[in-house]
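Visitor: There's a structure below that I have some questions on.
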Amino acid sequence: MKAVRIHGFDAVPVLEEIVDPVARPGRTLVRMEAATVGHIDRTVWRGSFLRHPPLPYTPGVEAAGVVMASERYAIGQRVWLRGSGLGTLFDGTWCEQIDAPDEALGLLPDAVPMALGAAFFSPTTSAWVALHEVAKLQAGEQVLVTGASGAVGSLVMQLARDAGCTVTAVDPNTAPPSAASADLLIDTVGGDVLAKVLPSVRPGGRAVLIGYTAGPTLQLDIAHFLQRDVALLPLNMFRREAAGRAAAPELLARLADGRLHLDVQPFALADAARALEWIAQRGHRGRAVLVPRL
């Protein structure tokens, strides 16, 4: 089968022919129809992640496809795949046939296209858990969102509106919203943007930190921060994976009937390097997906 292989950290991904996987107990073989290229894949590829598979390896922590062999799932079942070591502890999803632990799979409704099924989990569950599990969102609250054009930010906007909140997208190139004007900030950008917008949250409010595309460090005037009394709440989806999986069926249902929308950008399997570059560009919309037959 064809697979994207990484022979050294930060090395150019190459498409190679490797041996087909063999069915094993506790694992499912899936014919890959779409595989996501995400920021975690980029971090592992650069050697900056806490864990990584032994070199050479096949990247990819998310995908969607059709079951080829399994003790748990029916042959032909449409499924999505995420986590359980895929692309971080062992070979991942950027290949024509995925060898995955059974627990990495979930059922994909017929109404959800494969590309969307591959791309949905990280942004939709991050947005859902940030709002409902971490921030404890209440109807009627005033919500600010940085990075609202990105995949997670756009979904936060949609979900917060659906929950009965007033939502404002923050443009980092303009003046921040009025001081102490919002109950909640969902920040997907970090860096100087977070520091600039944080005063817009009222005393006793919350700021949930999801991403750091504008930089991983935050400088705070501690005296002013203590006076503002805003809770800084990190989102760690590895620790909250169970909450994300519990929300997945509802989120897939909303994607299937159009209540939620997520943009995807398809790339050929041979164009994995270009996809890695695309997701690093600030302002890109949606998620990159590798499609084997593009």
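Chain lettering (A, B, ...) mirrors the order of the structure tokens, residue numbering begins at 1 for each chain separately, and ligand numbering begins at 1 in order of display.
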Can you pull out every residue within 8 Å of region 126-136 of chain A, counting only C-alpha atoms, but drop anything in the same chain fewer than 3 positions away, and send it as number ranges by chain?
Guide: A: 121-123, 152-153, 155-156, 159-160, 184, 186, 206-208, 210, 233, 235, 237, 240, 243-244, 247
Visitor: Atoms to include: all heavy atoms. Write the selected residues as a short mmCIF file (atom, residue, chain, number, x, y, z; two decimals), in the first residue's frame.
Guide:
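See out24.cif below for the written result:
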```cif
data_model
loop_
_atom_site.label_atom_id
_atom_site.label_comp_id
_atom_site.auth_asym_id
_atom_site.auth_seq_id
_atom_site.Cartn_x
_atom_site.Cartn_y
_atom_site.Cartn_z
N PHE A 121 -13.45 15.74 14.46
CA PHE A 121 -13.33 15.45 15.89
C PHE A 121 -12.59 16.54 16.66
O PHE A 121 -13.13 17.09 17.63
CB PHE A 121 -12.65 14.10 16.12
CG PHE A 121 -12.70 13.68 17.57
CD1 PHE A 121 -13.74 12.92 18.06
CD2 PHE A 121 -11.70 14.06 18.45
CE1 PHE A 121 -13.80 12.54 19.40
CE2 PHE A 121 -11.74 13.69 19.79
CZ PHE A 121 -12.80 12.94 20.27
N SER A 122 -11.39 16.87 16.25
CA SER A 122 -10.59 17.82 17.03
C SER A 122 -11.28 19.18 17.17
O SER A 122 -11.43 19.67 18.30
CB SER A 122 -9.20 17.98 16.42
OG SER A 122 -8.43 16.82 16.63
N PRO A 123 -11.70 19.83 16.06
CA PRO A 123 -12.28 21.17 16.24
C PRO A 123 -13.64 21.18 16.90
O PRO A 123 -13.92 22.04 17.74
CB PRO A 123 -12.34 21.73 14.81
CG PRO A 123 -12.38 20.52 13.94
CD PRO A 123 -11.56 19.49 14.63
N VAL A 152 -11.61 25.80 14.84
CA VAL A 152 -12.15 25.76 16.20
C VAL A 152 -12.93 27.03 16.49
O VAL A 152 -14.05 26.99 17.03
CB VAL A 152 -11.03 25.56 17.23
CG1 VAL A 152 -11.60 25.59 18.64
CG2 VAL A 152 -10.32 24.23 17.01
N GLY A 153 -12.35 28.18 16.15
CA GLY A 153 -13.02 29.44 16.44
C GLY A 153 -14.38 29.57 15.79
O GLY A 153 -15.35 30.04 16.41
N LEU A 155 -16.39 27.17 14.97
CA LEU A 155 -17.32 26.27 15.64
C LEU A 155 -17.72 26.78 17.01
O LEU A 155 -18.87 26.62 17.43
CB LEU A 155 -16.70 24.87 15.74
CG LEU A 155 -16.62 24.14 14.40
CD1 LEU A 155 -15.58 23.05 14.44
CD2 LEU A 155 -17.98 23.57 14.01
N VAL A 156 -16.80 27.43 17.72
CA VAL A 156 -17.15 28.07 18.99
C VAL A 156 -18.24 29.11 18.75
O VAL A 156 -19.22 29.19 19.51
CB VAL A 156 -15.91 28.72 19.63
CG1 VAL A 156 -16.31 29.64 20.78
CG2 VAL A 156 -14.94 27.66 20.14
N LEU A 159 -21.61 27.23 18.09
CA LEU A 159 -22.14 26.53 19.26
C LEU A 159 -22.60 27.51 20.34
O LEU A 159 -23.61 27.27 21.02
CB LEU A 159 -21.10 25.57 19.82
CG LEU A 159 -20.79 24.34 18.97
CD1 LEU A 159 -19.57 23.61 19.51
CD2 LEU A 159 -22.00 23.39 18.94
N ALA A 160 -21.86 28.60 20.52
CA ALA A 160 -22.25 29.59 21.53
C ALA A 160 -23.55 30.28 21.14
O ALA A 160 -24.41 30.53 22.00
CB ALA A 160 -21.13 30.60 21.73
N LEU A 184 -17.10 35.86 28.96
CA LEU A 184 -16.25 34.74 28.61
C LEU A 184 -15.43 35.07 27.36
O LEU A 184 -15.96 35.65 26.41
CB LEU A 184 -17.12 33.50 28.34
CG LEU A 184 -16.44 32.25 27.77
CD1 LEU A 184 -15.42 31.69 28.74
CD2 LEU A 184 -17.48 31.19 27.40
N ILE A 186 -13.07 32.97 24.62
CA ILE A 186 -12.50 31.72 24.11
C ILE A 186 -11.36 32.12 23.19
O ILE A 186 -11.58 32.70 22.12
CB ILE A 186 -13.54 30.88 23.35
CG1 ILE A 186 -14.76 30.57 24.24
CG2 ILE A 186 -12.89 29.60 22.85
CD1 ILE A 186 -14.46 29.64 25.40
N ARG A 206 -14.37 34.43 32.76
CA ARG A 206 -13.47 33.33 32.45
C ARG A 206 -12.84 33.52 31.07
O ARG A 206 -13.47 34.12 30.18
CB ARG A 206 -14.21 31.97 32.42
CG ARG A 206 -14.88 31.60 33.73
CD ARG A 206 -16.35 32.04 33.75
NE ARG A 206 -17.21 31.24 32.88
CZ ARG A 206 -18.28 31.72 32.25
NH1 ARG A 206 -18.60 33.00 32.36
NH2 ARG A 206 -19.05 30.91 31.52
N ALA A 207 -11.64 33.00 30.92
CA ALA A 207 -10.98 32.94 29.62
C ALA A 207 -10.47 31.51 29.43
O ALA A 207 -9.69 31.02 30.25
CB ALA A 207 -9.83 33.93 29.54
N VAL A 208 -10.95 30.84 28.38
CA VAL A 208 -10.52 29.47 28.08
C VAL A 208 -9.46 29.54 27.00
O VAL A 208 -9.67 30.12 25.93
CB VAL A 208 -11.70 28.60 27.64
CG1 VAL A 208 -11.23 27.18 27.32
CG2 VAL A 208 -12.77 28.55 28.72
N ILE A 210 -7.27 27.80 24.23
CA ILE A 210 -7.32 26.62 23.37
C ILE A 210 -6.05 26.48 22.53
O ILE A 210 -5.51 25.38 22.38
CB ILE A 210 -8.55 26.66 22.45
CG1 ILE A 210 -9.83 26.59 23.28
CG2 ILE A 210 -8.51 25.51 21.44
CD1 ILE A 210 -11.10 26.62 22.45
N LEU A 233 -8.42 29.40 32.11
CA LEU A 233 -8.75 27.97 32.12
C LEU A 233 -8.17 27.29 30.89
O LEU A 233 -8.60 27.57 29.77
CB LEU A 233 -10.27 27.78 32.16
CG LEU A 233 -10.99 28.51 33.30
CD1 LEU A 233 -12.50 28.46 33.08
CD2 LEU A 233 -10.62 27.89 34.63
N LEU A 235 -7.53 24.35 28.09
CA LEU A 235 -8.22 23.19 27.53
C LEU A 235 -7.17 22.15 27.16
O LEU A 235 -6.33 22.38 26.30
CB LEU A 235 -9.02 23.58 26.29
CG LEU A 235 -9.67 22.42 25.55
CD1 LEU A 235 -10.79 21.81 26.37
CD2 LEU A 235 -10.19 22.84 24.18
N MET A 237 -7.29 18.56 25.67
CA MET A 237 -8.19 17.56 25.12
C MET A 237 -7.67 16.14 25.27
O MET A 237 -8.44 15.18 25.12
CB MET A 237 -8.49 17.86 23.66
CG MET A 237 -9.52 18.97 23.46
SD MET A 237 -11.10 18.68 24.31
CE MET A 237 -11.72 17.25 23.40
N ARG A 240 -9.29 15.36 28.45
CA ARG A 240 -10.75 15.42 28.32
C ARG A 240 -11.26 14.64 27.11
O ARG A 240 -12.34 14.92 26.59
CB ARG A 240 -11.22 16.87 28.26
CG ARG A 240 -10.93 17.65 29.54
CD ARG A 240 -11.42 19.07 29.45
NE ARG A 240 -11.17 19.83 30.65
CZ ARG A 240 -12.02 19.92 31.69
NH1 ARG A 240 -13.17 19.27 31.64
NH2 ARG A 240 -11.72 20.64 32.74
N ALA A 243 -14.77 13.15 27.37
CA ALA A 243 -15.86 14.12 27.19
C ALA A 243 -16.06 14.41 25.71
O ALA A 243 -17.20 14.57 25.24
CB ALA A 243 -15.56 15.40 27.95
N GLY A 244 -14.97 14.50 24.95
CA GLY A 244 -15.09 14.74 23.52
C GLY A 244 -15.77 13.59 22.81
O GLY A 244 -16.64 13.79 21.95
N ALA A 247 -19.46 13.57 23.34
CA ALA A 247 -20.17 14.60 22.58
C ALA A 247 -20.19 14.32 21.09
O ALA A 247 -20.99 14.92 20.36
CB ALA A 247 -19.52 15.97 22.83
#
```
Visitor: Near region 255-272 of chain A, counting only C-alpha atoms, which residues have an atom at most 7 Å away, once you skip same-chain residues fewer than 2 positions from it, shown as a list in words?
Guide: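 Returned residues: Pro13, Leu15, Ala111, Val112, Leu116, Ala151, Gln158, Leu251, Leu252, Ala253, Arg274, Ala275, Leu276, Arg285, Gly286, Arg287, Ala288, Val289, Leu290, Val291, Pro292 and Leu294 of chain A.
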Visitor: Would you mind telling me which residue in A:Ala63, A:Leu50, A:Leu29, A:Leu232 lies nearest to Ala119 (chain A) when using only C-alpha atoms?
Guide: A:Ala63
Visitor: For Glu96 (chain A), which residue out of A:Asp192, A:Leu144, A:Arg239, A:Val66 is the nearest one, using only C-alpha atoms?
Guide: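 Closest candidate: A:Val66.
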Visitor: What does the distance from CA of Met32 (chain A) to CA of Tyr57 (chain A) come to in Å, to one decimal?
Guide: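 That distance, rounded to one decimal, is 16.8 Å.
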Visitor: Work out how far CA of Pro177 (chain A) is from CA of Ala223 (chain A), in Å to one decimal.
Guide: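 Pair CA of Ala223 (chain A) / CA of Pro177 (chain A) returns 21.3 Å.
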